[in-house]
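Below is run.pdb, which holds PDB, C-alpha atoms.
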```pdb
ATOM      1  CA  MET Q 292       6.814  -3.283   9.066
ATOM      2  CA  THR Q 293       5.028  -3.827  12.343
ATOM      3  CA  LYS Q 294       4.998  -6.966  14.437
ATOM      4  CA  GLY Q 295       1.626  -7.844  12.965
ATOM      5  CA  ASP Q 296       3.032  -7.754   9.426
ATOM      6  CA  LYS Q 297       5.799 -10.158  10.267
ATOM      7  CA  LEU Q 298       3.384 -12.493  12.004
ATOM      8  CA  LEU Q 299       1.071 -12.312   9.008
ATOM      9  CA  ILE Q 300       3.848 -13.204   6.561
ATOM     10  CA  LEU Q 301       4.952 -16.097   8.734
ATOM     11  CA  THR Q 302       1.380 -17.393   9.030
ATOM     12  CA  ILE Q 303       0.833 -17.226   5.285
ATOM     13  CA  ILE Q 304       4.056 -19.101   4.566
ATOM     14  CA  VAL Q 305       3.295 -21.857   7.065
ATOM     15  CA  VAL Q 306      -0.339 -22.293   6.029
ATOM     16  CA  ASN Q 307       0.388 -22.330   2.329
ATOM     17  CA  VAL Q 308       3.359 -24.668   2.528
ATOM     18  CA  LEU Q 309       1.203 -27.068   4.540
ATOM     19  CA  ALA Q 310      -1.570 -26.711   1.977
ATOM     20  CA  LEU Q 311       0.894 -27.392  -0.850
ATOM     21  CA  ILE Q 312       2.138 -30.535   0.838
ATOM     22  CA  PHE Q 313      -1.427 -31.684   1.457
ATOM     23  CA  ILE Q 314      -2.439 -31.032  -2.131
ATOM     24  CA  ASN Q 315       0.578 -32.801  -3.534
ATOM     25  CA  GLN Q 316      -0.139 -35.842  -1.428
ATOM     26  CA  SER Q 317      -3.828 -36.312  -1.979
ATOM     27  CA  LEU Q 318      -5.893 -34.264  -4.327
ATOM     28  CA  PHE Q 319      -3.359 -33.346  -6.924
ATOM     29  CA  SER Q 320      -1.994 -36.779  -7.590
ATOM     30  CA  TYR Q 321      -5.245 -38.708  -7.389
ATOM     31  CA  GLU Q 322      -7.611 -37.117  -9.864
ATOM     32  CA  GLU Q 323      -7.616 -37.890 -13.532
ATOM     33  CA  LYS Q 324      -4.638 -40.120 -13.862
ATOM     34  CA  TYR Q 325      -4.193 -42.665 -16.558
ATOM     35  CA  ILE Q 326      -1.887 -45.512 -17.450
ATOM     36  CA  SER Q 327       0.450 -44.995 -20.321
ATOM     37  CA  ILE Q 328       2.029 -48.092 -21.844
ATOM     38  CA  GLN Q 329       5.080 -47.496 -23.965
ATOM     39  CA  VAL Q 330       7.132 -49.942 -25.977
ATOM     40  CA  ASN Q 331      10.481 -48.853 -27.313
ATOM     41  CA  GLY Q 332       9.696 -45.240 -26.457
ATOM     42  CA  GLU Q 333       6.395 -45.115 -28.292
ATOM     43  CA  GLU Q 334       3.112 -44.881 -26.460
ATOM     44  CA  ILE Q 335       1.066 -47.792 -27.746
ATOM     45  CA  LYS Q 336      -1.829 -47.653 -25.305
ATOM     46  CA  THR Q 337      -3.408 -45.386 -22.701
ATOM     47  CA  ILE Q 338      -5.903 -46.681 -20.184
ATOM     48  CA  THR Q 339      -7.997 -44.535 -17.887
ATOM     49  CA  PHE Q 340      -8.876 -45.928 -14.489
ATOM     50  CA  ASP Q 341     -12.451 -47.088 -14.362
ATOM     51  CA  ASP Q 342     -14.497 -49.240 -11.985
ATOM     52  CA  ASN Q 343     -15.216 -51.921 -14.582
ATOM     53  CA  MET Q 344     -11.544 -52.090 -15.508
ATOM     54  CA  ILE Q 345     -10.597 -53.435 -12.069
ATOM     55  CA  GLY Q 346      -9.111 -56.905 -12.299
ATOM     56  CA  LYS Q 347      -8.711 -56.845 -16.058
ATOM     57  CA  THR Q 348      -5.516 -58.071 -17.609
ATOM     58  CA  ILE Q 349      -3.959 -56.682 -20.709
ATOM     59  CA  PRO Q 350      -1.384 -58.657 -22.675
ATOM     60  CA  ILE Q 351       1.319 -56.617 -24.328
ATOM     61  CA  LYS Q 352       3.044 -58.449 -27.156
ATOM     62  CA  SER Q 353       5.746 -56.739 -29.080
ATOM     63  CA  ASP Q 354       8.826 -57.596 -31.098
ATOM     64  CA  TYR Q 355      10.831 -57.469 -27.888
ATOM     65  CA  GLY Q 356       8.800 -59.764 -25.646
ATOM     66  CA  TYR Q 357       5.585 -60.463 -23.785
ATOM     67  CA  ASN Q 358       4.162 -58.900 -20.645
ATOM     68  CA  LEU Q 359       0.816 -59.233 -18.891
ATOM     69  CA  ILE Q 360      -0.484 -56.161 -17.074
ATOM     70  CA  GLU Q 361      -3.171 -56.228 -14.423
ATOM     71  CA  ILE Q 362      -5.243 -53.198 -13.535
ATOM     72  CA  GLY Q 363      -6.459 -52.685  -9.991
ATOM     73  CA  ASP Q 364      -8.406 -50.006  -8.179
ATOM     74  CA  GLY Q 365      -6.389 -46.941  -9.127
ATOM     75  CA  LYS Q 366      -3.221 -48.997  -9.445
ATOM     76  CA  VAL Q 367      -1.482 -51.201 -11.940
ATOM     77  CA  ARG Q 368       1.141 -53.957 -11.964
ATOM     78  CA  VAL Q 369       2.844 -56.415 -14.234
ATOM     79  CA  ILE Q 370       1.956 -60.016 -13.376
ATOM     80  CA  GLU Q 371       3.715 -61.950 -16.093
ATOM     81  CA  ALA Q 372       6.779 -61.353 -18.137
ATOM     82  CA  ASP Q 373       9.061 -63.429 -20.272
ATOM     83  CA  CYS Q 374      12.145 -61.493 -19.330
ATOM     84  CA  PRO Q 375      14.833 -63.318 -17.327
ATOM     85  CA  ASP Q 376      15.106 -61.107 -14.228
ATOM     86  CA  GLN Q 377      11.349 -60.534 -13.581
ATOM     87  CA  LEU Q 378      12.094 -57.154 -11.988
ATOM     88  CA  ASP Q 379       8.903 -55.610 -13.277
ATOM     89  CA  VAL Q 380       6.807 -58.380 -11.708
ATOM     90  CA  LYS Q 381       8.606 -58.068  -8.395
ATOM     91  CA  GLN Q 382       7.987 -54.317  -8.266
ATOM     92  CA  GLY Q 383       4.288 -54.808  -7.607
ATOM     93  CA  TYR Q 384       1.651 -52.113  -7.845
ATOM     94  CA  ILE Q 385       2.198 -48.490  -8.772
ATOM     95  CA  SER Q 386      -0.520 -45.951  -8.105
ATOM     96  CA  LYS Q 387       0.857 -42.424  -7.978
ATOM     97  CA  VAL Q 388       1.328 -40.031 -10.850
ATOM     98  CA  GLY Q 389       4.895 -40.229 -12.063
ATOM     99  CA  GLU Q 390       5.505 -43.762 -10.849
ATOM    100  CA  ILE Q 391       6.862 -46.090 -13.428
ATOM    101  CA  ILE Q 392       7.481 -49.788 -14.112
ATOM    102  CA  VAL Q 393      10.226 -50.578 -16.547
ATOM    103  CA  CYS Q 394      10.987 -53.901 -18.185
ATOM    104  CA  LEU Q 395      14.259 -53.207 -19.850
ATOM    105  CA  PRO Q 396      14.720 -56.448 -21.833
ATOM    106  CA  ASN Q 397      11.243 -56.050 -23.374
ATOM    107  CA  ARG Q 398      11.638 -52.269 -23.758
ATOM    108  CA  LEU Q 399       8.339 -51.829 -21.926
ATOM    109  CA  VAL Q 400       7.432 -48.828 -19.793
ATOM    110  CA  VAL Q 401       4.246 -48.649 -17.765
ATOM    111  CA  GLU Q 402       3.767 -45.172 -16.427
ATOM    112  CA  ILE Q 403       1.019 -43.411 -14.524
ATOM    113  CA  LYS Q 404       0.416 -39.973 -15.914
ATOM    114  CA  GLY Q 405      -1.777 -37.242 -14.547
ATOM    115  CA  VAL Q 406      -3.614 -34.374 -16.095
ATOM    116  CA  GLY Q 407      -1.851 -31.496 -14.405
ATOM    117  CA  VAL Q 408      -3.657 -28.493 -13.002
ATOM    118  CA  GLU Q 409      -0.987 -26.094 -14.154
ATOM    119  CA  THR Q 410      -1.386 -26.979 -17.793
ATOM    120  CA  GLU Q 411      -5.049 -26.075 -17.579
ATOM    121  CA  ILE Q 412      -4.313 -22.692 -16.100
ATOM    122  CA  ASP Q 413      -1.794 -22.127 -18.860
ATOM    123  CA  GLY Q 414      -4.466 -23.107 -21.301
ATOM    124  CA  ILE Q 415      -6.926 -20.433 -20.334
ATOM    125  CA  SER Q 416      -4.525 -17.578 -19.729
ATOM    126  CA  ARG Q 417      -3.427 -17.695 -23.312
TER     127      ARG Q 417
ATOM    128  CA  MET B 189     -12.511  24.463  -7.294
ATOM    129  CA  LYS B 190     -11.768  21.884  -4.654
ATOM    130  CA  GLY B 191     -13.987  19.313  -6.328
ATOM    131  CA  LEU B 192     -12.401  19.929  -9.701
ATOM    132  CA  ARG B 193      -8.902  19.450  -8.363
ATOM    133  CA  ARG B 194     -10.007  16.260  -6.708
ATOM    134  CA  LEU B 195     -11.495  15.034  -9.964
ATOM    135  CA  VAL B 196      -8.324  15.806 -11.871
ATOM    136  CA  PHE B 197      -6.211  14.119  -9.260
ATOM    137  CA  LEU B 198      -8.347  10.987  -9.332
ATOM    138  CA  ALA B 199      -8.249  10.956 -13.123
ATOM    139  CA  LEU B 200      -4.465  11.139 -12.924
ATOM    140  CA  LEU B 201      -4.448   8.210 -10.537
ATOM    141  CA  VAL B 202      -6.591   6.157 -12.931
ATOM    142  CA  ALA B 203      -4.207   7.014 -15.759
ATOM    143  CA  ILE B 204      -1.185   6.006 -13.701
ATOM    144  CA  GLY B 205      -2.868   2.749 -12.747
ATOM    145  CA  LEU B 206      -3.694   2.036 -16.376
ATOM    146  CA  GLY B 207      -0.138   2.796 -17.435
ATOM    147  CA  LEU B 208       1.293   0.560 -14.752
ATOM    148  CA  SER B 209      -1.035  -2.271 -15.749
ATOM    149  CA  ILE B 210      -0.028  -2.040 -19.387
ATOM    150  CA  VAL B 211       3.673  -1.900 -18.562
ATOM    151  CA  GLU B 212       3.199  -4.876 -16.278
ATOM    152  CA  SER B 213       1.398  -6.899 -18.934
ATOM    153  CA  MET B 214       4.373  -6.358 -21.255
ATOM    154  CA  MET B 215       6.888  -7.583 -18.707
ATOM    155  CA  PRO B 216       7.839 -11.241 -18.745
ATOM    156  CA  LEU B 217       6.664 -13.014 -15.626
ATOM    157  CA  PRO B 218       9.151 -12.514 -12.831
ATOM    158  CA  PHE B 219       7.969 -15.584 -10.940
ATOM    159  CA  ILE B 220       7.906 -19.280 -11.592
ATOM    160  CA  ALA B 221       4.161 -19.548 -11.183
ATOM    161  CA  PRO B 222       2.077 -18.727 -14.250
ATOM    162  CA  GLY B 223      -0.593 -16.172 -13.511
ATOM    163  CA  ALA B 224       1.442 -14.449 -10.826
ATOM    164  CA  LYS B 225       1.759 -10.735 -11.428
ATOM    165  CA  LEU B 226       3.475  -7.889  -9.667
ATOM    166  CA  GLY B 227       0.221  -6.050  -9.124
ATOM    167  CA  LEU B 228       1.759  -2.660  -9.758
ATOM    168  CA  SER B 229      -1.599  -1.009 -10.301
ATOM    169  CA  ASN B 230      -2.510  -2.087  -6.801
ATOM    170  CA  ILE B 231      -0.164   0.668  -5.615
ATOM    171  CA  VAL B 232      -2.472   3.268  -7.103
ATOM    172  CA  ILE B 233      -5.586   1.729  -5.612
ATOM    173  CA  LEU B 234      -4.003   1.480  -2.173
ATOM    174  CA  ILE B 235      -2.868   5.115  -2.315
ATOM    175  CA  THR B 236      -6.334   6.226  -3.369
ATOM    176  CA  LEU B 237      -7.853   4.214  -0.540
ATOM    177  CA  VAL B 238      -5.604   5.819   2.051
ATOM    178  CA  VAL B 239      -5.726   9.375   0.744
ATOM    179  CA  PHE B 240      -9.275   9.656  -0.626
ATOM    180  CA  GLY B 241     -11.250   6.832   0.953
ATOM    181  CA  PHE B 242     -13.146   3.721  -0.060
ATOM    182  CA  LYS B 243     -15.619   5.192  -2.564
ATOM    183  CA  ASP B 244     -13.019   6.925  -4.690
ATOM    184  CA  ALA B 245     -10.762   3.883  -4.563
ATOM    185  CA  LEU B 246     -13.616   1.733  -5.835
ATOM    186  CA  THR B 247     -14.222   4.132  -8.719
ATOM    187  CA  THR B 248     -10.525   4.195  -9.553
ATOM    188  CA  GLY B 249     -10.223   0.423  -9.460
ATOM    189  CA  VAL B 250     -13.302  -0.262 -11.596
ATOM    190  CA  LEU B 251     -12.414   2.441 -14.121
ATOM    191  CA  LYS B 252      -8.877   1.138 -14.358
ATOM    192  CA  SER B 253     -10.078  -2.411 -14.996
ATOM    193  CA  ILE B 254     -12.523  -1.341 -17.704
ATOM    194  CA  LEU B 255      -9.974   0.902 -19.393
ATOM    195  CA  PHE B 256      -7.390  -1.870 -19.252
ATOM    196  CA  ALA B 257      -9.833  -4.246 -20.949
ATOM    197  CA  LEU B 258     -10.429  -1.611 -23.624
ATOM    198  CA  ALA B 259      -6.704  -1.048 -24.073
ATOM    199  CA  THR B 260      -5.748  -4.706 -24.372
ATOM    200  CA  GLY B 261      -8.985  -5.827 -25.998
ATOM    201  CA  SER B 262      -9.573  -9.025 -24.068
ATOM    202  CA  ILE B 263     -12.973  -9.377 -22.455
ATOM    203  CA  THR B 264     -12.169 -12.459 -20.392
ATOM    204  CA  SER B 265      -9.432 -10.579 -18.590
ATOM    205  CA  LEU B 266     -12.030  -7.965 -17.632
ATOM    206  CA  PHE B 267     -13.814 -10.453 -15.384
ATOM    207  CA  TYR B 268     -10.569 -11.480 -13.756
ATOM    208  CA  SER B 269      -9.303  -7.979 -13.129
ATOM    209  CA  LEU B 270     -12.673  -6.562 -12.056
ATOM    210  CA  SER B 271     -13.375  -9.297  -9.538
ATOM    211  CA  GLY B 272      -9.788  -9.149  -8.329
ATOM    212  CA  ALA B 273      -9.819  -5.374  -7.978
ATOM    213  CA  ILE B 274     -13.130  -5.212  -6.138
ATOM    214  CA  LEU B 275     -12.437  -8.057  -3.738
ATOM    215  CA  SER B 276      -8.917  -6.913  -2.956
ATOM    216  CA  LEU B 277     -10.177  -3.383  -2.368
ATOM    217  CA  ILE B 278     -12.824  -4.596   0.074
ATOM    218  CA  ALA B 279     -10.217  -6.679   1.918
ATOM    219  CA  MET B 280      -7.768  -3.775   2.058
ATOM    220  CA  TYR B 281     -10.483  -1.379   3.221
ATOM    221  CA  LEU B 282     -11.596  -3.650   6.061
ATOM    222  CA  VAL B 283      -8.042  -4.319   7.199
ATOM    223  CA  TYR B 284      -7.065  -0.658   6.912
ATOM    224  CA  LYS B 285     -10.091   0.576   8.795
ATOM    225  CA  TYR B 286     -10.322  -1.920  11.625
ATOM    226  CA  LEU B 287      -6.857  -3.444  11.970
ATOM    227  CA  SER B 288      -4.524  -0.589  11.099
ATOM    228  CA  ASN B 289      -3.134  -0.558  14.637
ATOM    229  CA  ILE B 290      -1.850  -4.104  14.039
ATOM    230  CA  PHE B 291      -0.823  -3.982  10.381
ATOM    231  CA  SER B 292       1.067  -1.319   8.490
ATOM    232  CA  LEU B 293       0.413  -0.658   4.814
ATOM    233  CA  VAL B 294       2.559  -3.702   4.011
ATOM    234  CA  GLY B 295       0.122  -5.957   5.850
ATOM    235  CA  VAL B 296      -2.851  -4.205   4.268
ATOM    236  CA  SER B 297      -1.460  -4.732   0.801
ATOM    237  CA  ILE B 298      -0.616  -8.378   1.473
ATOM    238  CA  PHE B 299      -4.253  -8.908   2.424
ATOM    239  CA  GLY B 300      -5.227  -7.157  -0.782
ATOM    240  CA  ALA B 301      -2.941  -9.331  -2.901
ATOM    241  CA  MET B 302      -4.293 -12.478  -1.252
ATOM    242  CA  ALA B 303      -7.883 -11.437  -1.865
ATOM    243  CA  HIS B 304      -6.961 -10.603  -5.460
ATOM    244  CA  ASN B 305      -5.506 -14.054  -6.046
ATOM    245  CA  PHE B 306      -8.453 -15.698  -4.359
ATOM    246  CA  ALA B 307     -10.891 -13.822  -6.586
ATOM    247  CA  GLN B 308      -8.980 -14.753  -9.717
ATOM    248  CA  VAL B 309      -8.860 -18.435  -8.831
ATOM    249  CA  LEU B 310     -12.551 -18.298  -7.924
ATOM    250  CA  VAL B 311     -13.452 -16.737 -11.263
ATOM    251  CA  ALA B 312     -11.240 -19.212 -13.109
ATOM    252  CA  SER B 313     -12.880 -22.166 -11.390
ATOM    253  CA  LEU B 314     -16.356 -20.759 -12.076
ATOM    254  CA  MET B 315     -15.583 -20.106 -15.721
ATOM    255  CA  MET B 316     -14.145 -23.552 -16.307
ATOM    256  CA  SER B 317     -16.490 -25.168 -13.740
ATOM    257  CA  ASN B 318     -13.547 -27.001 -12.272
ATOM    258  CA  ILE B 319     -12.968 -26.847  -8.525
ATOM    259  CA  ARG B 320      -9.512 -28.365  -8.747
ATOM    260  CA  ILE B 321      -8.009 -25.073  -9.834
ATOM    261  CA  PHE B 322      -8.080 -24.159  -6.155
ATOM    262  CA  SER B 323      -5.136 -26.491  -5.647
ATOM    263  CA  TYR B 324      -3.167 -23.821  -7.444
ATOM    264  CA  LEU B 325      -4.047 -21.216  -4.834
ATOM    265  CA  PRO B 326      -1.233 -21.884  -2.309
ATOM    266  CA  ILE B 327       1.481 -21.119  -4.858
ATOM    267  CA  LEU B 328      -0.210 -17.861  -5.768
ATOM    268  CA  GLN B 329      -0.659 -16.961  -2.116
ATOM    269  CA  LEU B 330       3.047 -17.517  -1.502
ATOM    270  CA  THR B 331       3.907 -15.119  -4.321
ATOM    271  CA  SER B 332       1.399 -12.627  -2.950
ATOM    272  CA  ILE B 333       3.674 -12.179   0.065
ATOM    273  CA  PHE B 334       6.412 -10.727  -2.152
ATOM    274  CA  THR B 335       4.137  -8.659  -4.362
ATOM    275  CA  GLY B 336       2.145  -7.417  -1.396
ATOM    276  CA  TYR B 337       5.304  -6.509   0.463
ATOM    277  CA  PHE B 338       6.690  -4.350  -2.331
ATOM    278  CA  VAL B 339       3.350  -2.756  -3.131
ATOM    279  CA  GLY B 340       2.946  -1.918   0.547
ATOM    280  CA  LEU B 341       6.438  -0.427   0.776
ATOM    281  CA  VAL B 342       5.945   1.773  -2.285
ATOM    282  CA  SER B 343       2.504   2.883  -1.151
ATOM    283  CA  GLY B 344       3.812   3.671   2.312
ATOM    284  CA  TYR B 345       6.518   6.007   1.003
ATOM    285  CA  THR B 346       4.148   7.649  -1.465
ATOM    286  CA  VAL B 347       1.406   8.201   1.081
ATOM    287  CA  ASN B 348       3.843   9.754   3.557
ATOM    288  CA  ASN B 349       4.979  12.299   0.993
ATOM    289  CA  LEU B 350       1.539  12.849  -0.461
ATOM    290  CA  LYS B 351      -0.036  13.578   2.899
ATOM    291  CA  LYS B 352       2.410  16.431   3.425
ATOM    292  CA  SER B 353       1.469  18.144   0.187
ATOM    293  CA  ILE B 354      -2.157  17.103  -0.089
ATOM    294  CA  ASN B 355      -3.337  19.976   2.088
ATOM    295  CA  LYS B 356      -1.579  22.444  -0.186
ATOM    296  CA  ILE B 357      -3.312  21.012  -3.220
ATOM    297  CA  PHE B 358      -6.823  20.860  -1.869
ATOM    298  CA  TYR B 359      -7.226  23.530   0.776
TER     299      TYR B 359
END
```
Would you write the structure of this file as structure tokens?
Amino acid sequence: MTKGDKLLILTIIVVNVLALIFINQSLFSYEEKYISIQVNGEEIKTITFDDNMIGKTIPIKSDYGYNLIEIGDGKVRVIEADCPDQLDVKQGYISKVGEIIVCLPNRLVVEIKGVGVETEIDGISR
Amino acid sequence: MKGLRRLVFLALLVAIGLGLSIVESMMPLPFIAPGAKLGLSNIVILITLVVFGFKDALTTGVLKSILFALATGSITSLFYSLSGAILSLIAMYLVYKYLSNIFSLVGVSIFGAMAHNFAQVLVASLMMSNIRIFSYLPILQLTSIFTGYFVGLVSGYTVNNLKKSINKIFY
């Protein structure tokens, strides 16, 4: 191990950790995400983000209650709900993969899911 | 006589590399990241590069990749291992030739492992025509520090001992 080796290892660690952070923030979370709407644990609808979907509202009626979902530019929110606390409406927009809106009284979950890169690499190595 | 001994020695190195590759492919992955490998056969290529030079190392690496594809029977892995072997060899050769006063064999082999990973991600993204696979590169590069370090250590010890006896074998 020379001085150059140690410097090289340090440089690689720093550069790649920075790259990982960058990727996690922008590229990784932004591409190919979709909205998954679940009622009582079952996925009843998936919506991909699209330019002509912006501003559209989707009513979700189930045995447990009524919610109105509005889709924005790469984001989604609940604008109406018949639940007493209105927590899901107050939460506002979610836009990142993994973010989630829950309306517990209506058993509604609105989640943003992403198509992960790792699953694809798994897919071809098998 | 000298040429024959050299040929036999290189053939032995190819066989060792092939054996190491097969053993490695049977091992469960030691790292969290899928696709990360120990790169044991890189030891052989690095030793060949140091002891015999670039041309023989290239032959060893290409032969090993082709034989490995024949042994395991998967053609897609041939592209990955060939591109990885050739690119990592070129990187190791350049670093060894021009920067060996800065880096020891550990540094050389880390460069090789990084080039290997880069080639594999490049081939994967070309094959699937999906550029986003490159976002997977940093994780692989981080693992290449560990693999490169151990490969470099092993090669260093082997080369030291081999250089003592190599004159007896060939001259």
Might you spell out which residues the ChimeraX specification (/Q :<7) & /B would select in the displayed file, as a compact mmCIF listing (two decimals) with C-alpha atoms, in the coordinates of the input?
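Output file result_35.txt follows:
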```txt
# COMPACT_ATOMS: atom_id res chain seq x y z
CA PRO B 222 2.08 -18.73 -14.25
CA ILE B 290 -1.85 -4.10 14.04
CA PHE B 291 -0.82 -3.98 10.38
CA SER B 292 1.07 -1.32 8.49
CA VAL B 294 2.56 -3.70 4.01
CA GLY B 295 0.12 -5.96 5.85
CA ILE B 321 -8.01 -25.07 -9.83
CA SER B 323 -5.14 -26.49 -5.65
CA PRO B 326 -1.23 -21.88 -2.31
CA LEU B 330 3.05 -17.52 -1.50
CA ILE B 333 3.67 -12.18 0.06
```
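Those residues returned by the PyMOL selection byres ((chain Q and resi 338-344) around 8) for this file are Glu323, Lys324, Tyr325, Ile326, Ser327, Lys336, Thr337, Ile345, Gly346, Lys347, Ile362, Gly363, Asp364 and Gly365 of chain Q.
Straight-line separation from atom CA of Glu402 of chain Q to atom CA of Leu325 of chain B: 27.7 Å.
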Problem set entry | Nearby residues (only C-alpha atoms) at most 10 Å from Lys381 of chain Q, same-chain spacing under 2 positions excluded, as a list in words | Arg368, Val369, Ile370, Glu371, Asp376, Gln377, Leu378, Asp379, Gly383 and Tyr384 of chain Q
For this session: To one decimal in Å, tell me the separation between atom CA of Thr247 of chain B and atom CA of Ile354 of chain B.
Result: 19.7 Å
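If you look at atom CA of Asn305 of chain B and atom CA of Thr236 of chain B, they are 20.5 Å away from each other.
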For this session: Pick out the residues sitting within 12 Å of Ile278 of chain B, and hand them over as a ChimeraX atom specification; count all atoms listed in the file, and ignore anything fewer than 3 positions along from it in its own chain.
Result: /B:233-234,237,241-243,245-246,249,271-275,281-285,296-297,299-304,307
